[in-house]
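I have placed the structure first, in the form of structure tokens, so that the comments after it can refer back to it.
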Amino acid sequence: MYTAMITIKQYLRCDNKEKKSGYVWISFYVNREKVNFTTKIACEVKHWNEKTRKINIADPDASDKNLIIAKIVSRINDVIVKYRLRNKVLTRVGFMRSYNRPDDFESFYSFCTDYQKKIIGYTELVTINQHTNAINKLKAFKPDLHFDDFDLELLTTFYHKVLRKKLCENTAFKIMTHIRKYVNAAVKAGYMDENPFKDFHIKRTKANYTYLEEEELKTLLALYRSGELEKQYYKTLQFFLYMCFSSQHVGDALPMKLEQFTETTFSYFRMKLRNSKPELVTVPISASLRDLIKTIAGFRKHGTLFENLPAEQTMNRYLKTICERDDVKITKKVTHKTGRHTFATFYLDKTNDLNSLRDILGHSDIRETLIYAHVLERSKQKSIDCFDVFNAPG
């Protein structure tokens, strides 16, 4: 279906008793529903030309007033044409929403570009890049996307038939989360009447990450202490073990300075939240981490903890080589992210303290920490087994 041709009429409406002046109104029909509203342009009856539907030149402000009226009519036509080109039925309610909505951007993507300029001052560059990547994936799926085209069907198709075809559930979830941020901003700014995400529900997988078991970590630690590794592999494993014992992300660990460490704790601001929610994260130092830090620092007291490390991608390749060794044989896909996940899983398994883990990891939302909640289920079974001592033969 499409929106039929519409005749727009301007007329002078006099509401005062004298009937000497009034306001110019606009009137037309969409699908047999009358749309009628004022332009707020005042005009005397003697200055109104009923034939041309314009204010005549006898009014000293006729030129400006007629220009305003013409712009209003042009905006009305723009709304009608947009509906017609999208083959969508225009209703009175739909017209009024579209007409009163800001119309500064040609598409959702141009809005995204503008919105990024506003948030870049308090958002980390790595986060902006993640947003851009998510939006580009949507753009590849729907190159010409207007605000009115956003609906539940589009989101569902994009998620299930595009993202989930190539990506794991958690990655697809994160991409949708980034897109939702921009949709929320568009709704708040008045460019969208309804938020399509309100009926779009997806759940992140409870545990979709790689971590090392206790024996696997001990194997790597023994290899590190053996002194058998070449320098580049040694430094790579050293950095990986640091994250296993410290809980930090790669991006937070790399710039750490010795001045941030004491004998018992170290403190830092998470790079991810540094500009948006800058909260100091303080982490207790275990004996294992303390010994590792002393080995890394040597006699140095100042400056960065880590010096002359290979690039992150290179270190991930080195980790793969280390894990494939005959004396290691870890078949999991181990990257530096595995270190933080190993810390979280091991800590929660031994303490059952989700809130403390949240503080140590520097999560701003407990839901981030809940990806490790499956560990609590495992711990429950371990704890309940304590009653087995009473299961003596009767």
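So you can find residues: chains in the structure tokens are A, B, ... in the order shown, residues in each start at 1, and ligands are numbered from 1 in order.
Residues in contact with Asp104 (chain A) at 10 Å, where only C-alpha atoms are counted and same-chain residues fewer than 4 positions away are skipped, are listed as Ser110, Phe111 and Tyr191 of chain A.
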Filtering to C-alpha atoms, could you give me those residues as a JSON list (two decimals), in the first residue's frame?
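Result file follows (out_12.json):
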```json
[["chain", "number", "residue", "atom", "x", "y", "z"],
["A", 110, "SER", "CA", 23.94, 10.18, 10.29],
["A", 111, "PHE", "CA", 22.41, 10.54, 13.76],
["A", 191, "TYR", "CA", 13.66, 11.15, 16.54]]
```
Original post:
Could you pull the residues within 6 Å of region 264-272 of chain A, counting only C-alpha atoms, minus those fewer than 6 positions along the same chain, as number ranges by chain?
Top reply: A: 280-285
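Using only C-alpha atoms, the smallest distance between any of A:Leu154, A:Ile55, A:Met5, A:Ala287 and Gly22 (chain A) comes from A:Ile55.
By chain and then residue number, the residues within 7 Å of region 305-315 of chain A are Lys235, Thr236, Leu254, Met256, Lys257, Leu258, Ile296 and Ala297 of chain A, counting only C-alpha atoms and disregarding those fewer than 6 positions away in sequence.
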Prev. selection, C-alpha atoms, output as a PDB file, in the first residue's frame:
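Result file part_2.pdb:
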```pdb
ATOM      1  CA  LYS A 235      57.913 -12.559  29.045  1.00  0.00           C
ATOM      2  CA  THR A 236      54.597 -13.557  27.443  1.00  0.00           C
ATOM      3  CA  LEU A 254      49.969  -2.849  30.351  1.00  0.00           C
ATOM      4  CA  MET A 256      50.556  -0.187  35.341  1.00  0.00           C
ATOM      5  CA  LYS A 257      53.292   1.725  37.158  1.00  0.00           C
ATOM      6  CA  LEU A 258      55.297   0.488  40.121  1.00  0.00           C
ATOM      7  CA  ILE A 296      59.234  -8.498  36.979  1.00  0.00           C
ATOM      8  CA  ALA A 297      60.367  -5.251  38.649  1.00  0.00           C
TER       9      ALA A 297
END
```
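Interatomic distance, CA of Ile8 (chain A) to CA of Ser63 (chain A): 20.2 Å.
Proximity to region 106-109 of chain A at 10 Å, evaluated using only C-alpha atoms and with sequence-adjacent residues fewer than 5 positions away removed, yields Asp114, Tyr115, Ile135, Asn136, Leu138, Lys139, Pro143, Asp144, Leu145, His146, Phe147, Asp148, Asp149, Phe150, Tyr182, Val183, Ala186, Tyr191 and Met192 of chain A.
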With N, CA and C atoms retained, could you export that selection as a short mmCIF file (atom, residue, chain, number, x, y, z; two decimals), in the first residue's frame?
```
data_model
loop_
_atom_site.label_atom_id
_atom_site.label_comp_id
_atom_site.auth_asym_id
_atom_site.auth_seq_id
_atom_site.Cartn_x
_atom_site.Cartn_y
_atom_site.Cartn_z
N ASP A 114 26.73 11.89 14.47
CA ASP A 114 26.63 13.11 15.25
C ASP A 114 26.66 12.82 16.75
N TYR A 115 25.98 11.76 17.16
CA TYR A 115 25.93 11.41 18.58
C TYR A 115 27.31 11.00 19.10
N ILE A 135 27.60 -0.58 14.56
CA ILE A 135 26.76 0.19 13.64
C ILE A 135 27.07 -0.17 12.19
N ASN A 136 28.35 -0.40 11.89
CA ASN A 136 28.73 -0.78 10.52
C ASN A 136 28.14 -2.14 10.12
N LEU A 138 25.27 -3.28 11.20
CA LEU A 138 23.87 -2.99 10.90
C LEU A 138 23.74 -2.30 9.54
N LYS A 139 24.68 -1.42 9.24
CA LYS A 139 24.64 -0.68 7.98
C LYS A 139 24.84 -1.61 6.79
N PRO A 143 21.55 -0.74 4.50
CA PRO A 143 22.31 0.48 4.18
C PRO A 143 21.52 1.77 4.36
N ASP A 144 20.25 1.77 3.98
CA ASP A 144 19.44 2.99 4.07
C ASP A 144 18.40 2.80 5.17
N LEU A 145 18.79 3.16 6.38
CA LEU A 145 17.94 2.92 7.54
C LEU A 145 17.46 4.24 8.14
N HIS A 146 16.16 4.48 8.04
CA HIS A 146 15.56 5.67 8.64
C HIS A 146 14.98 5.31 9.99
N PHE A 147 14.75 6.31 10.81
CA PHE A 147 14.21 6.08 12.16
C PHE A 147 12.90 5.30 12.11
N ASP A 148 12.05 5.61 11.12
CA ASP A 148 10.75 4.94 11.03
C ASP A 148 10.85 3.48 10.64
N ASP A 149 12.02 3.06 10.12
CA ASP A 149 12.19 1.68 9.68
C ASP A 149 12.55 0.74 10.83
N PHE A 150 12.92 1.33 11.98
CA PHE A 150 13.30 0.51 13.13
C PHE A 150 12.08 -0.14 13.75
N TYR A 182 22.42 3.72 20.96
CA TYR A 182 22.13 4.79 19.99
C TYR A 182 20.63 4.91 19.74
N VAL A 183 19.93 3.79 19.75
CA VAL A 183 18.48 3.83 19.61
C VAL A 183 17.86 4.55 20.80
N ALA A 186 18.30 8.18 20.34
CA ALA A 186 17.40 8.71 19.30
C ALA A 186 15.98 8.88 19.84
N TYR A 191 13.61 11.58 17.93
CA TYR A 191 13.66 11.15 16.54
C TYR A 191 12.88 9.85 16.31
N MET A 192 12.60 9.15 17.38
CA MET A 192 11.83 7.91 17.29
C MET A 192 10.71 7.96 18.32
#
```
**OP:** Compile the contact shell of Lys9 (chain A) as a ChimeraX atom specification: residues with an atom at most 7 Å away, counting only C-alpha atoms, same-chain residues fewer than 3 positions apart removed.
**Re:** /A:26-28
Preceding selection exported with N, CA and C atoms as a compact mmCIF listing (two decimals), in the first residue's frame:
```txt
# COMPACT_ATOMS: atom_id res chain seq x y z
N ILE A 26 -3.75 25.25 8.49
CA ILE A 26 -3.49 24.24 7.47
C ILE A 26 -4.52 23.13 7.62
N SER A 27 -5.03 22.63 6.49
CA SER A 27 -6.02 21.56 6.55
C SER A 27 -5.82 20.58 5.39
N PHE A 28 -5.89 19.27 5.69
CA PHE A 28 -5.84 18.25 4.65
C PHE A 28 -6.31 16.93 5.26
```
Quick check for you: according to DSSP on this backbone, which residues of region 104-271 of chain A are classed as strand (DSSP E)? Reply as a CSV table (one decimal) with C-alpha atoms, in the first residue's frame.
```csv
chain,number,residue,atom,x,y,z
A,265,THR,CA,47.4,-3.9,47.4
A,266,PHE,CA,47.5,-2.1,44.0
A,267,SER,CA,45.0,0.5,42.7
A,268,TYR,CA,44.0,1.7,39.3
A,269,PHE,CA,41.1,3.1,37.2
```
